[in-house]
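Structure file protein.txt; described as compact mmCIF, C-alpha atoms and all ligand atoms.
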# COMPACT_ATOMS: atom_id res chain seq x y z
CA MET A 15 9.35 119.03 37.18
CA ASN A 16 8.15 115.81 38.83
CA THR A 17 5.25 116.84 41.08
CA SER A 18 6.14 114.11 43.61
CA TYR A 19 8.93 116.41 44.77
CA LYS A 20 6.43 119.02 45.95
CA HIS A 21 5.42 118.80 49.57
CA GLU A 22 4.11 121.38 52.02
CA SER A 23 6.90 122.77 54.18
CA LEU A 24 6.77 121.99 57.87
CA LEU A 25 8.21 125.23 59.18
CA TYR A 26 6.81 128.52 57.98
CA GLU A 27 4.54 131.29 59.05
CA LYS A 28 1.69 132.84 57.07
CA LEU A 29 1.99 136.61 57.21
CA GLY A 30 -1.13 137.80 55.39
CA GLU A 31 -1.56 138.92 51.79
CA LYS A 32 -0.31 135.45 50.84
CA LYS A 33 3.18 136.32 52.07
CA VAL A 34 5.07 133.69 54.12
CA GLN A 35 8.23 133.44 56.18
CA CYS A 36 10.22 130.21 55.93
CA LEU A 37 11.52 129.04 59.31
CA THR A 38 13.64 126.13 58.12
CA CYS A 39 17.00 127.87 58.16
CA GLU A 40 18.37 131.04 59.70
CA HIS A 41 17.95 133.04 56.51
CA GLN A 42 14.25 133.01 57.45
CA CYS A 43 13.30 134.21 53.97
CA LEU A 44 10.24 136.37 53.51
CA ILE A 45 8.65 134.97 50.36
CA GLN A 46 5.98 136.73 48.32
CA GLN A 47 3.23 134.80 46.54
CA GLY A 48 4.69 133.05 43.47
CA LYS A 49 8.31 133.54 44.55
CA ILE A 50 10.99 131.13 45.77
CA GLY A 51 13.36 131.32 48.74
CA ARG A 52 17.07 131.98 48.63
CA CYS A 53 17.94 128.26 48.43
CA ASN A 54 15.67 127.63 45.41
CA THR A 55 14.01 124.71 47.20
CA ARG A 56 10.92 126.44 48.58
CA ILE A 57 8.09 128.16 46.71
CA ASN A 58 5.16 130.21 47.94
CA GLU A 59 2.02 129.23 46.04
CA GLU A 60 -1.09 131.09 47.11
CA GLY A 61 0.24 131.62 50.63
CA ILE A 62 1.33 128.01 51.14
CA LEU A 63 5.03 127.19 51.28
CA TYR A 64 6.12 124.05 49.45
CA THR A 65 9.46 122.27 49.25
CA LEU A 66 10.45 121.38 45.70
CA ASN A 67 12.93 118.67 46.59
CA TYR A 68 11.00 116.11 48.63
CA GLY A 69 12.44 112.72 47.67
CA LEU A 70 14.62 114.32 45.02
CA VAL A 71 17.86 112.38 45.25
CA SER A 72 20.98 113.36 43.34
CA SER A 73 23.04 110.64 44.96
CA TYR A 74 22.43 107.48 47.01
CA SER A 75 25.51 105.60 48.17
CA ILE A 76 26.85 103.47 50.99
CA ASN A 77 29.70 105.29 52.71
CA PRO A 78 32.02 104.66 55.63
CA ILE A 79 31.13 106.97 58.52
CA GLU A 80 34.76 108.16 58.48
CA LYS A 81 34.01 109.86 55.15
CA LYS A 82 31.62 112.37 56.81
CA PRO A 83 34.09 112.75 58.59
CA LEU A 84 32.97 111.39 61.98
CA PHE A 85 35.76 109.61 63.87
CA HIS A 86 34.12 109.13 67.30
CA TYR A 87 30.69 107.98 66.15
CA HIS A 88 30.09 104.34 65.23
CA PRO A 89 33.66 103.91 63.92
CA GLY A 90 34.13 101.43 61.10
CA THR A 91 30.44 101.35 60.12
CA TYR A 92 28.62 102.18 56.89
CA ALA A 93 25.74 104.60 56.35
CA ALA A 94 23.28 104.86 53.49
CA THR A 95 23.96 108.41 52.31
CA LEU A 96 21.55 110.63 50.42
CA GLY A 97 22.12 113.96 48.74
CA SER A 98 19.69 116.25 46.95
CA LEU A 99 20.18 119.57 45.13
CA SER A 100 20.91 123.19 46.02
CA CYS A 101 22.20 124.94 49.11
CA ASN A 102 21.45 127.86 51.40
CA PHE A 103 25.13 129.02 51.36
CA SER A 104 27.05 130.42 48.42
CA CYS A 105 30.63 129.14 49.00
CA LEU A 106 32.84 129.77 45.96
CA TRP A 107 35.04 126.77 46.84
CA CYS A 108 32.21 124.22 47.11
CA GLN A 109 33.59 120.73 46.56
CA ASN A 110 30.10 119.45 45.67
CA TRP A 111 29.17 122.34 43.41
CA GLU A 112 27.68 120.11 40.68
CA ILE A 113 24.73 119.43 42.99
CA SER A 114 24.80 122.32 45.45
CA LYS A 115 24.70 124.92 42.68
CA THR A 116 21.94 123.16 40.76
CA ASN A 117 18.38 123.98 41.67
CA PRO A 118 15.50 121.49 41.83
CA PHE A 119 14.06 122.79 38.57
CA GLU A 120 17.02 121.18 36.81
CA THR A 121 16.28 117.57 37.61
CA ALA A 122 18.00 115.78 34.74
CA THR A 123 20.35 113.68 36.88
CA THR A 124 18.13 113.02 39.88
CA SER A 125 15.57 110.39 40.74
CA PHE A 126 12.62 110.12 43.09
CA LEU A 127 13.17 107.78 46.03
CA SER A 128 10.25 107.44 48.37
CA PRO A 129 11.01 107.14 52.11
CA ASN A 130 9.65 103.57 51.94
CA GLU A 131 12.07 102.73 49.14
CA VAL A 132 14.98 104.11 51.18
CA GLU A 133 13.84 102.07 54.19
CA ARG A 134 13.60 98.95 51.99
CA ARG A 135 17.14 99.43 50.66
CA ILE A 136 18.53 99.92 54.15
CA ILE A 137 16.80 96.88 55.62
CA LYS A 138 17.88 94.71 52.68
CA ASN A 139 21.58 95.50 53.11
CA SER A 140 22.94 94.17 56.42
CA ALA A 141 26.18 96.14 55.96
CA ILE A 142 24.26 99.40 56.55
CA THR A 143 23.89 100.49 60.17
CA GLY A 144 23.04 104.14 59.70
CA VAL A 145 21.54 106.78 57.45
CA SER A 146 23.16 110.08 56.58
CA PHE A 147 22.15 113.19 54.64
CA SER A 148 25.12 114.80 53.00
CA PHE A 149 26.68 116.21 49.75
CA ASN A 150 24.41 119.27 49.52
CA GLU A 151 22.89 120.98 52.58
CA PRO A 152 20.55 118.47 54.32
CA THR A 153 18.55 121.20 56.11
CA LEU A 154 16.81 121.75 52.79
CA SER A 155 15.58 118.13 52.86
CA LEU A 156 14.11 118.49 56.33
CA GLU A 157 10.66 117.04 55.56
CA TYR A 158 12.08 114.09 53.60
CA ALA A 159 14.77 113.31 56.17
CA LEU A 160 12.20 113.29 58.96
CA ASP A 161 9.93 110.90 57.09
CA ILE A 162 12.87 108.54 56.55
CA PHE A 163 14.06 108.84 60.16
CA ASN A 164 10.57 108.02 61.39
CA LEU A 165 10.43 104.83 59.33
CA LEU A 166 13.73 103.47 60.60
CA ASP A 167 14.35 101.55 63.82
CA ASP A 168 16.40 103.06 66.64
CA ASN A 169 19.26 100.66 65.87
CA ILE A 170 19.87 102.53 62.59
CA TYR A 171 21.75 105.70 63.54
CA LYS A 172 20.70 108.96 61.94
CA MET A 173 23.17 111.73 61.13
CA LEU A 174 23.71 114.86 59.06
CA VAL A 175 26.68 116.55 57.42
CA THR A 176 25.70 120.20 57.62
CA ASN A 177 26.68 123.86 57.58
CA GLY A 178 24.70 124.20 60.82
CA TYR A 179 22.38 126.95 59.56
CA MET A 180 19.06 125.30 60.36
CA THR A 181 16.78 126.95 62.91
CA ILE A 182 16.38 125.56 66.43
CA LYS A 183 12.82 124.59 65.41
CA ALA A 184 14.24 122.44 62.59
CA LEU A 185 16.83 120.93 64.91
CA ASP A 186 14.19 120.08 67.49
CA LEU A 187 12.19 118.20 64.85
CA LEU A 188 15.30 116.30 63.75
CA ILE A 189 16.27 115.42 67.32
CA LYS A 190 12.74 114.24 68.03
CA GLY A 191 12.97 112.18 64.84
CA GLY A 192 16.04 110.35 66.15
CA LEU A 193 19.05 112.41 65.03
CA THR A 194 22.08 111.33 67.08
CA GLY A 195 25.13 112.57 65.16
CA VAL A 196 26.16 115.69 63.25
CA SER A 197 29.28 116.91 61.53
CA VAL A 198 29.18 120.71 61.29
CA THR A 199 31.48 122.81 59.14
CA ILE A 200 32.76 126.14 60.38
CA LYS A 201 33.67 127.90 57.15
CA GLY A 202 35.63 130.78 58.61
CA ASP A 203 35.46 133.77 60.93
CA GLU A 204 32.61 136.23 61.05
CA SER A 205 33.74 138.39 58.12
CA MET A 206 34.63 135.46 55.85
CA VAL A 207 31.29 133.73 56.41
CA LYS A 208 29.44 137.00 55.87
CA LYS A 209 31.34 137.81 52.69
CA TYR A 210 31.40 134.39 51.01
CA CYS A 211 28.46 132.46 52.49
CA LYS A 212 26.15 135.45 53.10
CA ALA A 213 25.55 134.05 56.55
CA ASN A 214 26.19 134.76 60.23
CA VAL A 215 28.67 132.31 61.76
CA SER A 216 27.49 133.02 65.31
CA LYS A 217 24.22 131.27 64.37
CA VAL A 218 26.25 128.16 63.52
CA TRP A 219 28.10 128.23 66.85
CA GLU A 220 24.74 128.64 68.59
CA LYS A 221 23.55 125.39 66.95
CA ILE A 222 26.70 123.55 67.93
CA GLU A 223 26.16 124.54 71.57
CA TYR A 224 22.51 123.52 71.35
CA LEU A 225 23.33 120.12 69.87
CA VAL A 226 25.91 119.43 72.57
CA GLU A 227 23.44 120.50 75.28
CA LYS A 228 20.91 118.05 73.84
CA GLY A 229 23.42 115.18 73.98
CA ILE A 230 23.86 114.89 70.20
CA HIS A 231 27.28 113.72 69.04
CA VAL A 232 29.05 116.61 67.27
CA GLU A 233 32.30 116.83 65.34
CA ILE A 234 33.51 120.09 63.80
CA ILE A 235 35.12 120.44 60.40
CA CYS A 236 37.25 123.35 59.15
CA LEU A 237 38.23 123.26 55.51
CA ILE A 238 41.46 125.24 55.47
CA ILE A 239 41.59 127.33 52.29
CA PRO A 240 44.81 129.15 51.38
CA THR A 241 44.39 132.97 51.48
CA LEU A 242 40.95 132.75 53.11
CA ASN A 243 41.24 131.11 56.52
CA ASP A 244 44.79 129.68 56.71
CA ASN A 245 45.82 131.90 59.58
CA ILE A 246 46.67 131.37 63.23
CA ALA A 247 43.97 133.80 64.38
CA PHE A 248 41.30 131.59 62.82
CA TYR A 249 42.74 128.35 64.25
CA GLN A 250 42.86 130.04 67.66
CA GLU A 251 39.34 131.38 67.41
CA VAL A 252 37.84 128.02 66.46
CA SER A 253 39.83 126.12 69.08
CA THR A 254 39.04 128.57 71.86
CA LYS A 255 35.33 128.46 71.05
CA ILE A 256 35.31 124.66 71.11
CA LEU A 257 37.24 124.68 74.38
CA THR A 258 34.48 126.74 76.00
CA ILE A 259 31.90 124.15 74.87
CA ASP A 260 33.77 120.87 75.44
CA LYS A 261 37.45 120.09 74.87
CA LYS A 262 36.48 116.53 73.89
CA ILE A 263 34.63 117.61 70.71
CA PRO A 264 36.66 116.26 67.78
CA LEU A 265 37.95 118.95 65.42
CA HIS A 266 39.02 118.16 61.83
CA PHE A 267 41.23 120.46 59.78
CA THR A 268 40.70 119.28 56.22
CA ARG A 269 42.65 119.90 53.07
CA PHE A 270 41.19 122.11 50.34
CA PHE A 271 41.58 121.26 46.67
CA PRO A 272 40.83 123.91 44.02
CA SER A 273 37.19 123.65 43.04
CA TYR A 274 34.25 125.51 41.48
CA LYS A 275 35.07 129.24 41.38
CA PHE A 276 38.04 129.12 43.73
CA THR A 277 40.82 127.76 41.59
CA GLN A 278 43.37 130.55 41.84
CA VAL A 279 45.17 128.93 44.79
CA GLU A 280 46.89 125.54 45.19
CA ALA A 281 45.74 122.74 47.45
CA THR A 282 46.40 123.44 51.13
CA PRO A 283 50.01 122.56 52.04
CA ILE A 284 50.20 119.74 54.60
CA SER A 285 52.46 121.94 56.75
CA THR A 286 49.61 124.48 57.03
CA LEU A 287 47.25 121.81 58.35
CA GLU A 288 49.90 120.63 60.80
CA LYS A 289 50.25 124.19 62.07
CA ALA A 290 46.49 124.38 62.61
CA HIS A 291 46.60 121.05 64.43
CA GLY A 292 49.45 122.23 66.69
CA THR A 293 47.53 125.40 67.57
CA ALA A 294 44.38 123.51 68.54
CA LYS A 295 46.32 121.01 70.66
CA ARG A 296 48.25 123.77 72.46
CA ILE A 297 44.96 125.50 73.26
CA GLY A 298 43.79 122.31 74.92
CA LEU A 299 41.55 120.37 72.51
CA GLU A 300 41.91 116.64 73.04
CA TYR A 301 40.95 115.16 69.67
CA VAL A 302 42.25 117.08 66.66
CA TYR A 303 42.55 115.50 63.23
CA LEU A 304 43.71 116.26 59.73
CA GLY A 305 41.49 115.32 56.79
CA ASN A 306 41.94 114.67 53.05
CA VAL A 307 45.57 113.66 53.72
CA ASN A 308 45.43 109.94 53.23
CA GLY A 309 47.73 108.00 55.56
CA HIS A 310 48.90 110.97 57.67
CA THR A 311 49.52 109.97 61.30
CA LEU A 312 47.33 112.86 62.47
CA GLU A 313 44.31 111.01 61.10
CA ASN A 314 44.79 108.53 63.94
CA THR A 315 43.23 108.69 67.39
CA TYR A 316 45.69 108.92 70.26
CA CYS A 317 44.96 108.90 73.97
CA PRO A 318 45.10 112.56 75.10
CA LYS A 319 46.58 111.49 78.46
CA CYS A 320 49.33 108.96 77.59
CA GLN A 321 49.50 109.38 73.76
CA GLU A 322 48.86 105.66 73.15
CA LEU A 323 47.69 104.89 69.58
CA LEU A 324 44.03 103.87 69.83
CA ILE A 325 42.66 103.87 66.28
CA GLN A 326 44.87 103.86 63.21
CA ARG A 327 43.31 105.14 59.97
CA THR A 328 44.59 104.60 56.48
CA GLY A 329 42.03 106.15 54.20
CA TYR A 330 38.83 104.51 55.41
CA ARG A 331 40.59 101.39 56.71
CA LEU A 332 40.75 101.20 60.50
CA LYS A 333 42.93 99.27 62.88
CA MET A 334 41.65 99.26 66.43
CA TYR A 335 43.98 99.19 69.41
CA LEU A 336 41.17 99.51 71.93
CA ASP A 337 37.96 97.67 72.63
CA LEU A 338 35.25 99.90 71.15
CA LYS A 339 32.64 98.66 73.58
CA LYS A 340 34.77 99.56 76.62
CA ALA A 341 36.02 102.79 74.96
CA GLN A 342 38.95 102.93 77.33
CA CYS A 343 42.65 103.49 76.69
CA PRO A 344 44.26 100.05 77.23
CA LYS A 345 47.43 101.67 78.61
CA CYS A 346 46.28 104.34 81.09
CA GLY A 347 42.56 103.52 81.42
CA LEU A 348 41.26 106.94 80.28
CA MET A 349 37.68 106.80 79.00
CA ILE A 350 37.57 107.83 75.34
CA PRO A 351 34.42 109.60 74.03
CA LEU A 352 33.25 107.11 71.41
CA GLN A 353 29.64 106.56 70.48
CA THR A 354 29.08 103.00 69.31
S1 LIG A 401 15.36 126.95 53.76
FE1 LIG A 401 16.44 128.86 54.30
S2 LIG A 401 17.12 129.71 52.37
FE2 LIG A 401 15.56 128.18 51.88
S3 LIG A 401 13.64 129.35 51.75
FE3 LIG A 401 13.82 128.56 53.84
S4 LIG A 401 14.81 130.20 55.01
FE4 LIG A 401 15.15 130.64 52.80
S1 LIG A 402 27.60 124.91 52.50
FE1 LIG A 402 28.63 123.13 51.66
S2 LIG A 402 27.31 122.40 50.00
FE2 LIG A 402 26.71 124.50 50.48
S3 LIG A 402 27.85 125.77 49.02
FE3 LIG A 402 29.01 125.68 50.94
S4 LIG A 402 30.46 123.99 50.68
FE4 LIG A 402 28.85 123.76 49.10

Please lay out the structure from this file as structure tokens.
Amino acid sequence: MNTSYKHESLLYEKLGEKKVQCLTCEHQCLIQQGKIGRCNTRINEEGILYTLNYGLVSSYSINPIEKKPLFHYHPGTYAATLGSLSCNFSCLWCQNWEISKTNPFETATTSFLSPNEVERRIIKNSAITGVSFSFNEPTLSLEYALDIFNLLDDNIYKMLVTNGYMTIKALDLLIKGGLTGVSVTIKGDESMVKKYCKANVSKVWEKIEYLVEKGIHVEIICLIIPTLNDNIAFYQEVSTKILTIDKKIPLHFTRFFPSYKFTQVEATPISTLEKAHGTAKRIGLEYVYLGNVNGHTLENTYCPKCQELLIQRTGYRLKMYLDLKKAQCPKCGLMIPLQT
């Protein structure tokens, strides 16, 4: 493999006898000398933990922020978006499995992009106003993301699309580095996340609360997968949890399409997503959206007080019916939580 991808990890503890504990994500792997962590991106060599994916880019593209999806964060803008390889979760339905299930030893379709090269590309293209790490799990690119964040001016927003399984230590570094926006996926309830992702969903909720406390913009995504989490109890659980944090947090119920090793069910019926939406609204959430249903009216933003249409979305095309700078409903005057 290209040795440029190797970089000492920022967060780990040396435990003696050349054993280390990685503190990047909540798996907190104990890694013996010569072994790699669960995500295949970190190796213990002689008691030093290295990332194997620094600067390893599987995809660099310019994407609308609505694709993340973030609907209340710099609407209508474009972010340079980077993905790498591998993941710390094991979802059977992964929509990006070509990269998330490939480890950094298999580098055929990737390239090395130095942080300076990423900065140069961003500065050169005036259409780009932000940078985003997405496609595979960005926590695994912590060191690389921080180096890029640190090179960029404050007027370039910095965001992640994540499963929310990083440690608080990793989050603190990212926030210090300028992170201002996050879209976090809640995969399912406790038993589903344990069974399919080999993870503890309460750790993800803990990070959501922490991000909100720190003033970071958060939107929550639930991919609704037939037979796994398409039930009222799950919609209620997610909505109630969000309500206890902040009823203004946008929640997106997105449509599943058969993918990777979960192809035995059809795409999520639109009526199922509408049911989830209705549940969340009845519980009291103010901004609930459907996703992956191009042109559906529930992709629009409506004023939660007077129901006025504020932002109309058709795919990634937006029509604004409010002044983004004022962020106020033009009909009833309610302030709308929009970060611009
Ligand atoms: S990032 Fe997570 S999964 Fe990967 S080695 Fe570290 S603790 Fe383990
Ligand atoms: S967390 Fe996301 S990228 Fe990772 S396996 Fe699951 S769906 Fe794929």

Check: Using only C-alpha atoms and all ligand atoms, what are the residues with an atom within 9 Å of ligand LIG 401 (chain A), set out as a PyMOL selection string?
Finding: chain A and resi 25-26+35-45+50-57+63+65+101-103+153-156+179-181

Based on the selection just made, write C-alpha atoms of those residues as a short mmCIF file (atom, residue, chain, number, x, y, z; two decimals), in the frame of the given file.
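Output file selection35.cif follows:
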data_model
loop_
_atom_site.label_atom_id
_atom_site.label_comp_id
_atom_site.auth_asym_id
_atom_site.auth_seq_id
_atom_site.Cartn_x
_atom_site.Cartn_y
_atom_site.Cartn_z
CA LEU A 25 8.21 125.23 59.18
CA TYR A 26 6.81 128.52 57.98
CA GLN A 35 8.23 133.44 56.18
CA CYS A 36 10.22 130.21 55.93
CA LEU A 37 11.52 129.04 59.31
CA THR A 38 13.64 126.13 58.12
CA CYS A 39 17.00 127.87 58.16
CA GLU A 40 18.37 131.04 59.70
CA HIS A 41 17.95 133.04 56.51
CA GLN A 42 14.25 133.01 57.45
CA CYS A 43 13.30 134.21 53.97
CA LEU A 44 10.24 136.37 53.51
CA ILE A 45 8.65 134.97 50.36
CA ILE A 50 10.99 131.13 45.77
CA GLY A 51 13.36 131.32 48.74
CA ARG A 52 17.07 131.98 48.63
CA CYS A 53 17.94 128.26 48.43
CA ASN A 54 15.67 127.63 45.41
CA THR A 55 14.01 124.71 47.20
CA ARG A 56 10.92 126.44 48.58
CA ILE A 57 8.09 128.16 46.71
CA LEU A 63 5.03 127.19 51.28
CA THR A 65 9.46 122.27 49.25
CA CYS A 101 22.20 124.94 49.11
CA ASN A 102 21.45 127.86 51.40
CA PHE A 103 25.13 129.02 51.36
CA THR A 153 18.55 121.20 56.11
CA LEU A 154 16.81 121.75 52.79
CA SER A 155 15.58 118.13 52.86
CA LEU A 156 14.11 118.49 56.33
CA TYR A 179 22.38 126.95 59.56
CA MET A 180 19.06 125.30 60.36
CA THR A 181 16.78 126.95 62.91
#

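When atom CA of A:Gly292 is paired with atom CA of A:Val198, their separation reads 21.0 Å.
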
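Here atom CA of A:Gly329 stands at a distance of 28.7 Å from atom CA of A:Thr124.
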
One residue among A:Glu233, A:Asp203, A:Glu133, A:Glu313 is nearest to A:Ile325 when using only C-alpha atoms, and that residue is A:Glu313

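Residues in contact with ligand LIG 402 (chain A) (atom pairs separated by at most 7 Å; all atoms listed in the file) are A:Cys101, A:Asn102, A:Phe103, A:Ser104, A:Cys105, A:Trp107, A:Cys108, A:Gln109, A:Asn110, A:Trp111, A:Ser114, A:Phe149, A:Asn150, A:Glu151, A:Asn177, A:Cys211.
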
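Between atom CA of A:Gly69 and atom CA of A:Thr143 there is a distance of 20.9 Å.
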
Among A:Arg135, A:His266, A:Lys115, A:His86, A:Leu338 is approached most closely, using only C-alpha atoms, by A:His86

Report task. Find the spatial neighbours of A:Thr241, counting only C-alpha atoms, within a cut-off of 12 Å - ignore same-chain residues fewer than 2 positions away - and output them as a PyMOL selection string. Result -> chain A and resi 202+206+238-239+243-245+248+270+276-283+286

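Using all atoms listed in the file, the smallest distance between any of A:Leu324, A:Ile76, A:Leu332, A:Val307 and A:Cys346 comes from A:Leu324.
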
So that all listed atoms of stretch 56-59 of chain A fit with 5 Å spare on each side, what axis-aligned box centre and edge lengths in Å, to one decimal, would you give as JSON?
{"center_x": 6.5, "center_y": 128.3, "center_z": 47.3, "size_x": 18.9, "size_y": 13.8, "size_z": 12.5}

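With all atoms listed in the file as the basis for measurement, A:Pro129 is the residue among A:Gly144, A:Gly347, A:Pro129, A:Pro78 that approaches A:Leu160 most closely.
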
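Counting only C-alpha atoms and comparing A:Lys138, A:Lys221, A:Ser273, A:Thr328, the residue that lies closest to A:Lys183 is A:Lys221.
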
So which residues touch stretch 92-95 of chain A within 9 Å, counting only C-alpha atoms, skipping near sequence neighbours fewer than 6 positions away, as a short mmCIF file (atom, residue, chain, number, x, y, z; two decimals) with C-alpha atoms, keeping the file's coordinate frame?
data_model
loop_
_atom_site.label_atom_id
_atom_site.label_comp_id
_atom_site.auth_asym_id
_atom_site.auth_seq_id
_atom_site.Cartn_x
_atom_site.Cartn_y
_atom_site.Cartn_z
CA SER A 73 23.04 110.64 44.96
CA TYR A 74 22.43 107.48 47.01
CA SER A 75 25.51 105.60 48.17
CA ILE A 76 26.85 103.47 50.99
CA ASN A 77 29.70 105.29 52.71
CA PRO A 78 32.02 104.66 55.63
CA ILE A 79 31.13 106.97 58.52
CA GLU A 80 34.76 108.16 58.48
CA VAL A 132 14.98 104.11 51.18
CA ARG A 135 17.14 99.43 50.66
CA ILE A 136 18.53 99.92 54.15
CA ALA A 141 26.18 96.14 55.96
CA ILE A 142 24.26 99.40 56.55
CA THR A 143 23.89 100.49 60.17
CA GLY A 144 23.04 104.14 59.70
CA VAL A 145 21.54 106.78 57.45
CA SER A 146 23.16 110.08 56.58
CA PHE A 147 22.15 113.19 54.64
CA SER A 148 25.12 114.80 53.00
CA PHE A 149 26.68 116.21 49.75
CA ILE A 170 19.87 102.53 62.59
CA TYR A 171 21.75 105.70 63.54
CA LYS A 172 20.70 108.96 61.94
CA MET A 173 23.17 111.73 61.13
#

Using all atoms listed in the file, the residue out of A:Ile259, A:Cys343, A:Ile137, A:Leu29 with shortest distance to A:Val226 is A:Ile259

At a cut-off of 10 Å, using all atoms listed in the file, what residues contact A:Ala247? Leave out same-chain residues fewer than 6 positions from it and give the result as a PyMOL selection string.
chain A and resi 203+253+290+293

task = Excluding A:Glu204 and any residue of its chain fewer than 4 positions from it, enumerate the residues within 7 Å of it, using all atoms listed in the file, and give them as a ChimeraX atom specification.
result = /A:208,214-215
